[in-house]
Each structure stands twice: as C-alpha cells, then as structure tokens.
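Just below is one structure, and these are the notes that go with it.
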Amino acid sequence: MQCQVCKKAKATVRYTTVINTKKAEQYLCEACAEKTGMINPLAGIPEIFGHILAGILGEALVSSPPRSRKKRPREPRCPSCGMTFSQFEERGKVGCAQCYKIFSGEMKILLRRLHGSSRHKGRAPRKLISATASVNLPRLRRELQEAILQERFERAAELRNLIRAAETTKDATK
Amino acid sequence: MKPLSPTLPEWEAALLNSAQEVQALSLTLPQWVEEGGPHAEIVFSTRIRLARNLAKHLFPSIASAAELTTVSDEICAAASVSGVLTRPKFVEMDFLAQVDRLVLVERRLASPALADRKGSARIIIGAGEYASIMTNEEDHLRLQSFQSGLNVRAAWQALERLDEELSNHLDYAFSPQLGYLTVCPTNTGTGMRVSLLVHLPALVILQEMEKVSKKFAKLGLTLRGFYGEGTEVIGNVFQISNQLTLGCSEEDTLGLLEHVAEQLVQLEQEARMRLLADKNLNIEDKVWRTYGILRYARSLSAVEFLNFLSLIRLGLDLKILSGWTNTMLQELMLVTQPGHMQKWYKASRVTEKRDKLRADIVKNKLALNRQ
C-alpha cells in the first residue's frame with residue numbers, strides 16, 4: 001500500500017486515531033510518520049512506552065519509527081539531576097523526584113498507559129498531612145472553584161487532594 | 001567545627017559485624033516461616049513491599065556512591081529507633097562474601113539485584129524477619145513485610161506502621177497528585193506490591209492453570225512461576241501480585257489480592273478433591289512413588305527436589321501421607337538451597353557434589369520424621 005501523505009513511498013506504519021468514539025486510520029511511510037510525530041504530541045506515546053518496556057524486559061516489544069532529534073530545539077533538562085526525557089525513555093528510570101515535575105506532561109501520559117490513571121488515591125506521609133493541615137481551607141476552596149471555572153483541571157485535582165488531606169487530619173484531630 | 005563523636009552510633013558499629021550477623025541468621029529458620037498462617041497448605045507466604053525515595057537526594061539510578069552512603073546512613077539512623085523492627089540487625093552488602101549474599105536472597109531479605117550491587121547497599125532486618133528494609137536497591141528504600149500463609153492484613157499492619165515511623169524522620173519524595181515518586185514509573189503511586197506464593201499442584205495436574213491465569217490478567221494481577229525463569233514452572237509454586245499502583249488505594253489492592261487469593265484457594269481445594277476422586281490419575285500411587293524416590297535417590301537436583309516436594313505436600317494435604325508438618329517441609333525447602341546448604345552442611349560449591357548431599361539431607365529428614 002502507498003503512503004497516504006506523500007503518495008510515493010510504501011506505507012509501513014498504520015496510524016490510528018480515535019476521537020469521540022470515531023476511529024480513523026491512516027497508512028504512512030516511515031518518513032511521513034516521523035513528520036506526523038513532530039506535529040502530533042501524542043504520536044510519541046508508543047515510543048515512550050516501548051522504551052520503558054524495553055528497559056524492564058530487556059527487549060523491544062514495540063517498534064516504532066525513531067523520532068528525529070535534530071529538528072527539536074534543545075531538550076529540557078531536569079535542573080536537579082540533569083536528565084533529559086529521552087534519556088529517561090532509554091533507561092526507564094528517572095534520576096530524582098524533580099524529574100516528575102519537569103516532565104510532568106509526558107509522565108502523565110506514560111503513567112496513564114501503565115496504570116490506567118495518573119491520580120494517586122493512596123495514603124500520604126503523615127508529616128505532609130500535618131503541613132497541609134495548617135493551610136487556609138476557605139482560601140483553598142475558593143481557588144478550587146476558580147480553577148474549575150477556568151477549566152484548569154490539573155490544578156483543580158491538586159487542590160482537591162490538598163483539601164481532602166487537610167480535612168482528614170482535621171477530622172482525626174477532633 | 002562539629003565535635004567528633006566519641007563513639008559510633010550503635011547501628012554503625014553493628015555494620016562492622018555484617019558477616020557474623022548473616023552467619024548467625026543462616027543457621028536459623030525465619031520466625032514468620034515457623035508460624036503457619038491461614039491456608040498454609042496452599043498459600044506459602046504473604047509479602048508486601050513499599051518503594052520509597054528521599055526527596056532531597058538523587059535516586060540510586062544516577063546518584064554518586066558518596067550520596068548513596070549518606071542516604072543509607074539516614075535510613076539506618078531512622079530505622080534504629082523503629083518500634084516495628086525492634087533492635088534490628090544492620091548488614092552492609094559490601095562486607096559480605098558471595099555465599100552470604102546468596103543466603104539473604106534465599107531468605108528473600110535481599111533481591112537478586114541488591115545482591116549484585118556494589119557500594120552503599122544495606123539491609124536492615126527486624127526481629128524474626130517479619131519486616132525488613134533494603135537500602136539503595138532500585139529505590140532508596142524498599143520496605144518489606146512477611147507473613148506465613150494468607151495473611152494480608154497482618155503483613156500490612158506491620159508495614160504501614162514501619163512506613164509511618166520512618167516518615168517521621170525521613171523526607172519522602174511524594175506528590176499529592178502522583179503519590180510516592182519512584183525510580184521506575186511502574187511503581188509510582190502507592191509504591192506497593194503485594195505478592196503471594198501459592199502452591200497449586202492440583203490445578204497444574206488437571207491442566208487448569210491457563211484458564212485461571214487469563215482470568216487474573218483481566219484484574220490487573222500477574223500470576224507466574226516463582227522458581228525458574230521464563231515460562232517454566234518449578235514445584236507448582238506461583239507468585240501472584242498486583243501490577244497497578246496508581247489510581248487505586250492501598251486498601252483497594254489489599255482487598256483485591258485477599259479476595260482473589262481466597263478464590264484461588266477454593267479452586268485448588270476443589271481441584272484436589274477431584275484429583276483424589278479420579279481413579280485413572282491414581283494420585284495415591286504417584287505420591288507414594290515420589291516418596292520412594294526421595295527415600296532412595298542418591299542425587300537430587302534442586303529442580304527435581306522442588307517438583308517431588310510438591311507431590312509430597314499434596315499427599316500430606318490429601319492424607320495419603322502423614323507425619324510431617326508444613327513447617328518441617330518449609331525448613332527442608334530452605335536448607336536444601338545452595339547458599340543455606342553451604343552454611344548448614346558445609347556443602348561444596350560444585351553442583352554435582354551438592355546434589356548428592358541434597359539427596360542425603362532429604363533422605364534423613366524424611367526418615368526421621370516418618371511415623
């Protein structure tokens with residue numbers, strides 16, 4: 001089959017997108033797929049996942065076209081440990097706690113792939129809970145409302161977790 | 001200038017005796033093994049581990065040796081005042097010979113990865129080996145808790161307390177959104193892995209394992225052979241554990257594992273009854289033949305032994321055989337492993353010689369305990 005973009009080379013990559021339950025399939029050659037990878041931020045997911053799995057299992061389970069690195073402007077680096085996201089992809093291991101913050105976007109996609117969720121529902125260190133207990137609850141609630149209205153859902157989730165943690169401690173100390 | 005402390009803290013002095021500590025340990029049975037918990041005839045052990053890291057230090061994946069030593073020191077200081085561990089033993093992996101490392105792996109106090117690690121890795125072992133900590137394995141801390149049989153709650157109770165004690169002294173890498181931050185994102189969130197060792201000879205003999213493991217994959221659990229590598233299953237012992245650590249609470253995971261394990265116990269029990277009733281399979285003959293081999297063999301490889309022992313256990317549960325307790329067999333299983341054989345019986349490191357010795361040990365133990 002021919003590549004549907006350049007209509008020249010042989011298609012070797014099938015690209016599936018699902019938007020609102022409507023599935024669309026595209027057949028591309030490697031070069032065009034690479035370009036798509038540059039445009040579409042989600043195209044890199046299988047690659048990230050592949051590297052992680054390769055790191056764990058010692059073999060590449062998912063093959064996908066390599067993304068060209070030349071065209072990319074300088075990759076962001078974790079200021080604390082110096083790791084870049086592509087280094088993390090290769091090793092499957094982060095260098096420090098900061099990495100999770102610096103690469104939060106990519107990390108969330110990856111975590112969702114691995115766990116089907118990127119939201120912690122478990123316990124928290126007690127020390128952290130008592131630190132959040134002294135926070136101004138009404139202010140946090142106001143911020144939460146604002147975040148929801150502005151559709152900043154990531155921030156809203158963070159605030160909700162903080163409020164919940166603070167409330168739990170309050171209840172426990174009653 | 002900071003004044004020099006006149007004496008080393010107790011835990012630091014203890015590290016100097018690492019080899020002696022492991023030697024003493026190797027000649028005893030872990031206390032938790034002796035206990036024999038619920039469904040011990042099918043579930044050998046319950047293990048829960050938590051992965052934790054310190055926020056202010058680089059992770060073991062890239063940290064320097066000096067930084068990792070600081071990390072180990074901080075953890076040891078925090079662990080030395082733990083009430084859960086009660087006067088723990090401190091072991092520096094670098095001070096140990098190969099055989100001592102092997103002993104720790106066989107007791108599941110060290111992971112194979114930790115045993116191979118050079119520099120700054122330590123193990124802190126609580127009384128009775130119920131709870132322990134590995135430092136600088138994949139993560140800064142790996143807390144573990146063991147119980148005999150299916151005993152998820154007891155294992156968690158100890159581990160949760162230990163985690164809380166440590167978190168009072170250590171700053172964990174934690175985010176309210178993502179939970180405990182780990183080196184590998186597969187552990188991020190709760191950092192918790194619950195693993196049960198289950199003995200399923202009847203389901204294997206009746207060829208029902210494939211059906212069972214497919215069912216578990218859908219629940220986000222993995223079921224695989226515990227001994228051996230790849231697809232080979234030795235001694236019909238499987239490990240069942242949770243895969244997911246994000247989006248579910250500790251309580252969710254504990255409940256799931258407990259529920260599934262109970263189902264698995266029931267399936268195996270039913271299969272054992274069917275096995276006993278099936279005249280064509282003649283399980284009684286199979287068990288007695290196995291007993292015969294174990295009594296009279298002159299050489300036994302580790303794999304052979306585990307496979308035979310599985311049938312002996314089955315025979316005991318089905319009342320075909322009598323005279324041994326589960327604990328005796330657990331002990332036999334531990335002391336016939338290469339590291340412990342070298343410690344208990346001064347066994348050679350040559351496999352063939354060890355196989356002969358293993359046959360002797362098994363023969364004597366079986367004869368001794370036979371009514």
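The way I read the labels, and the way they are meant: chains A, B, ... in the order of the structure tokens, residue 1 as the first residue of every chain, and ligand 1 as the first ligand shown, with later ones counted on from there.
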
Nearby residues (only C-alpha atoms) at most 6 Å from stretch 2-14 of chain A, same-chain spacing under 6 positions excluded, as a PDB file with N, CA and C atoms, in the first residue's frame:
```pdb
ATOM      1  N   GLN A  26      -4.834   5.758   9.226  1.00  0.00           N
ATOM      2  CA  GLN A  26      -4.016   6.335   8.172  1.00  0.00           C
ATOM      3  C   GLN A  26      -2.841   5.412   7.929  1.00  0.00           C
ATOM      4  N   TYR A  27      -2.489   5.220   6.654  1.00  0.00           N
ATOM      5  CA  TYR A  27      -1.323   4.390   6.344  1.00  0.00           C
ATOM      6  C   TYR A  27      -0.211   5.294   5.828  1.00  0.00           C
ATOM      7  N   LEU A  28       0.936   5.255   6.504  1.00  0.00           N
ATOM      8  CA  LEU A  28       2.013   6.191   6.167  1.00  0.00           C
ATOM      9  C   LEU A  28       3.328   5.475   5.933  1.00  0.00           C
ATOM     10  N   CYS A  29       4.217   6.167   5.204  1.00  0.00           N
ATOM     11  CA  CYS A  29       5.580   5.650   5.099  1.00  0.00           C
ATOM     12  C   CYS A  29       6.353   6.146   6.323  1.00  0.00           C
TER      13      CYS A  29
END
```

When the cut-off is 7 Å and we count only C-alpha atoms, which residues of chain B are near chain A, given as a PDB file with N, CA and C atoms, in the first residue's frame?
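Final output, saved to iface32.pdb:
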```pdb
ATOM      1  N   ALA B  55      13.352  12.742  49.187  1.00  0.00           N
ATOM      2  CA  ALA B  55      13.141  13.869  48.273  1.00  0.00           C
ATOM      3  C   ALA B  55      14.427  14.632  47.973  1.00  0.00           C
ATOM      4  N   LEU B  58      19.487  12.525  45.014  1.00  0.00           N
ATOM      5  CA  LEU B  58      19.323  11.921  43.694  1.00  0.00           C
ATOM      6  C   LEU B  58      19.010  10.440  43.899  1.00  0.00           C
ATOM      7  N   PHE B  59      18.269   9.874  42.959  1.00  0.00           N
ATOM      8  CA  PHE B  59      17.853   8.477  43.094  1.00  0.00           C
ATOM      9  C   PHE B  59      19.016   7.527  42.774  1.00  0.00           C
ATOM     10  N   SER B  61      19.464   5.461  40.649  1.00  0.00           N
ATOM     11  CA  SER B  61      19.743   5.293  39.224  1.00  0.00           C
ATOM     12  C   SER B  61      20.924   6.145  38.758  1.00  0.00           C
ATOM     13  N   ILE B  62      21.154   7.303  39.393  1.00  0.00           N
ATOM     14  CA  ILE B  62      22.261   8.155  38.936  1.00  0.00           C
ATOM     15  C   ILE B  62      23.120   8.731  40.072  1.00  0.00           C
ATOM     16  N   GLU B 164       5.205   4.625  58.592  1.00  0.00           N
ATOM     17  CA  GLU B 164       4.894   5.848  59.329  1.00  0.00           C
ATOM     18  C   GLU B 164       6.041   6.257  60.254  1.00  0.00           C
ATOM     19  N   SER B 167       8.730   7.741  58.132  1.00  0.00           N
ATOM     20  CA  SER B 167       8.388   9.033  57.522  1.00  0.00           C
ATOM     21  C   SER B 167       8.433  10.180  58.535  1.00  0.00           C
ATOM     22  N   ASN B 168       8.457   9.838  59.825  1.00  0.00           N
ATOM     23  CA  ASN B 168       8.637  10.894  60.831  1.00  0.00           C
ATOM     24  C   ASN B 168      10.063  11.425  60.830  1.00  0.00           C
ATOM     25  N   ALA B 173      10.004  11.396  48.958  1.00  0.00           N
ATOM     26  CA  ALA B 173       9.634  12.041  47.693  1.00  0.00           C
ATOM     27  C   ALA B 173       8.169  11.700  47.437  1.00  0.00           C
ATOM     28  N   PRO B 176       1.163  15.120  45.978  1.00  0.00           N
ATOM     29  CA  PRO B 176      -0.247  14.815  46.266  1.00  0.00           C
ATOM     30  C   PRO B 176      -0.956  14.235  45.042  1.00  0.00           C
ATOM     31  N   GLN B 177      -0.506  14.646  43.864  1.00  0.00           N
ATOM     32  CA  GLN B 177      -1.153  14.195  42.633  1.00  0.00           C
ATOM     33  C   GLN B 177      -0.723  12.783  42.229  1.00  0.00           C
ATOM     34  N   LEU B 178       0.596  12.502  42.328  1.00  0.00           N
ATOM     35  CA  LEU B 178       1.127  11.229  41.818  1.00  0.00           C
ATOM     36  C   LEU B 178       1.494  10.249  42.919  1.00  0.00           C
ATOM     37  N   GLY B 179       1.450  10.682  44.151  1.00  0.00           N
ATOM     38  CA  GLY B 179       1.764   9.773  45.241  1.00  0.00           C
ATOM     39  C   GLY B 179       3.261   9.660  45.487  1.00  0.00           C
ATOM     40  N   LEU B 181       6.937   8.955  44.759  1.00  0.00           N
ATOM     41  CA  LEU B 181       7.664   9.008  43.487  1.00  0.00           C
ATOM     42  C   LEU B 181       8.781   7.973  43.488  1.00  0.00           C
ATOM     43  N   VAL B 183      11.701   5.373  41.244  1.00  0.00           N
ATOM     44  CA  VAL B 183      12.652   5.413  40.133  1.00  0.00           C
ATOM     45  C   VAL B 183      11.985   4.935  38.839  1.00  0.00           C
ATOM     46  N   CYS B 184      11.242   3.865  38.938  1.00  0.00           N
ATOM     47  CA  CYS B 184      10.559   3.350  37.760  1.00  0.00           C
ATOM     48  C   CYS B 184       9.069   3.700  37.867  1.00  0.00           C
ATOM     49  N   PRO B 185       8.498   4.302  36.814  1.00  0.00           N
ATOM     50  CA  PRO B 185       7.089   4.728  36.901  1.00  0.00           C
ATOM     51  C   PRO B 185       6.100   3.575  37.105  1.00  0.00           C
ATOM     52  N   THR B 186       6.554   2.337  36.959  1.00  0.00           N
ATOM     53  CA  THR B 186       5.644   1.209  37.192  1.00  0.00           C
ATOM     54  C   THR B 186       5.282   1.080  38.667  1.00  0.00           C
ATOM     55  N   GLY B 189       2.976   5.984  42.815  1.00  0.00           N
ATOM     56  CA  GLY B 189       1.641   5.994  43.429  1.00  0.00           C
ATOM     57  C   GLY B 189       1.757   5.455  44.840  1.00  0.00           C
ATOM     58  N   THR B 190       1.222   4.280  45.050  1.00  0.00           N
ATOM     59  CA  THR B 190       1.341   3.679  46.385  1.00  0.00           C
ATOM     60  C   THR B 190       2.718   3.066  46.595  1.00  0.00           C
ATOM     61  N   LEU B 244      -0.825  -2.745  39.313  1.00  0.00           N
ATOM     62  CA  LEU B 244      -1.134  -1.315  39.326  1.00  0.00           C
ATOM     63  C   LEU B 244      -0.844  -0.680  40.684  1.00  0.00           C
ATOM     64  N   THR B 245      -0.280   0.532  40.633  1.00  0.00           N
ATOM     65  CA  THR B 245      -0.006   1.247  41.878  1.00  0.00           C
ATOM     66  C   THR B 245      -0.591   2.670  41.861  1.00  0.00           C
ATOM     67  N   LEU B 246      -1.164   3.072  40.741  1.00  0.00           N
ATOM     68  CA  LEU B 246      -1.784   4.402  40.660  1.00  0.00           C
ATOM     69  C   LEU B 246      -3.283   4.240  40.401  1.00  0.00           C
ATOM     70  N   GLY B 247      -4.052   5.173  40.964  1.00  0.00           N
ATOM     71  CA  GLY B 247      -5.493   5.125  40.726  1.00  0.00           C
ATOM     72  C   GLY B 247      -6.204   4.142  41.643  1.00  0.00           C
ATOM     73  N   CYS B 248      -5.446   3.453  42.488  1.00  0.00           N
ATOM     74  CA  CYS B 248      -6.085   2.568  43.464  1.00  0.00           C
ATOM     75  C   CYS B 248      -5.381   2.773  44.802  1.00  0.00           C
ATOM     76  N   SER B 249      -6.158   2.707  45.869  1.00  0.00           N
ATOM     77  CA  SER B 249      -5.568   2.918  47.195  1.00  0.00           C
ATOM     78  C   SER B 249      -4.926   1.618  47.680  1.00  0.00           C
ATOM     79  N   GLU B 250      -4.157   1.722  48.754  1.00  0.00           N
ATOM     80  CA  GLU B 250      -3.562   0.525  49.354  1.00  0.00           C
ATOM     81  C   GLU B 250      -4.659  -0.455  49.732  1.00  0.00           C
TER      82      GLU B 250
END
```

**Request:** Would you please work out which residue, of B:Arg117, B:Ser195, B:Leu200, B:Ser82, is nearest to B:Glu165 when using only C-alpha atoms?
**Result:** B:Ser82

**Prompt:** Can you list, as a count of residues only, every residue of stretch 119-350 of chain B that DSSP puts in alpha helix (DSSP H)?
**Reply:** 108

**Asked** If you run DSSP on the backbone, which residues of stretch 12-126 of chain B are strand (DSSP E or B), as an NGL selection string?
**Response** :B and (43-52 or 54 or 89-92 or 122-125)

**Prompt:** Excluding same-chain residues fewer than 4 positions from B:Lys346, what lies within 12 Å of it counting only C-alpha atoms, as a ChimeraX atom specification?
**Reply:** /B:27,99,335-336,338-342,350,353-354,357-358

Residues from last step as file, C-alpha atoms, as an mmCIF file, in the first residue's frame:
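Saved file out02.cif follows:
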```
data_model
loop_
_atom_site.group_PDB
_atom_site.id
_atom_site.type_symbol
_atom_site.label_atom_id
_atom_site.label_comp_id
_atom_site.auth_asym_id
_atom_site.auth_seq_id
_atom_site.Cartn_x
_atom_site.Cartn_y
_atom_site.Cartn_z
ATOM 1 C CA LEU B 27 21.539 -21.232 60.836
ATOM 2 C CA VAL B 99 27.615 -17.176 49.863
ATOM 3 C CA VAL B 335 18.133 -25.720 53.854
ATOM 4 C CA THR B 336 18.362 -27.515 50.504
ATOM 5 C CA PRO B 338 22.637 -23.731 47.566
ATOM 6 C CA GLY B 339 23.529 -20.902 49.965
ATOM 7 C CA HIS B 340 21.972 -22.483 53.044
ATOM 8 C CA MET B 341 23.438 -25.896 52.190
ATOM 9 C CA GLN B 342 26.882 -24.336 52.253
ATOM 10 C CA VAL B 350 30.187 -27.803 42.951
ATOM 11 C CA LYS B 353 28.532 -32.803 44.898
ATOM 12 C CA ARG B 354 25.735 -30.651 46.236
ATOM 13 C CA LEU B 357 24.398 -34.066 49.644
ATOM 14 C CA ARG B 358 20.849 -32.823 48.975
#
```

**Item:** Pick from B:Val81, B:Leu332, B:Ala158, B:Val152, whichever lies nearest to B:Pro9 using only C-alpha atoms
**Value:**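 Of the candidates, the smallest distance to B:Pro9 is held by B:Val81.
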
Residues at most 9 Å from B:Asn326, counting only C-alpha atoms, excluding those fewer than 5 positions away in the same chain, as an mmCIF file with C-alpha atoms, in the first residue's frame?
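Wrote it out as around_32.cif, contents follow:
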```
data_model
loop_
_atom_site.group_PDB
_atom_site.id
_atom_site.type_symbol
_atom_site.label_atom_id
_atom_site.label_comp_id
_atom_site.auth_asym_id
_atom_site.auth_seq_id
_atom_site.Cartn_x
_atom_site.Cartn_y
_atom_site.Cartn_z
ATOM 1 C CA GLU B 34 7.510 -21.243 61.595
ATOM 2 C CA GLY B 36 1.945 -21.370 59.675
ATOM 3 C CA ALA B 40 -0.768 -22.533 54.758
ATOM 4 C CA GLU B 41 -1.370 -25.787 52.838
ATOM 5 C CA ARG B 313 2.898 -31.754 50.183
ATOM 6 C CA LEU B 316 0.037 -34.763 53.087
ATOM 7 C CA GLU B 331 12.632 -25.819 56.610
#
```

**Asked** Which is closest to B:Arg87 among B:Val233, B:Ala127, B:Ala110, B:Ala271, if we use only C-alpha atoms?
**Response**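 When distances to B:Arg87 are compared using only C-alpha atoms, the smallest one comes from B:Ala127.
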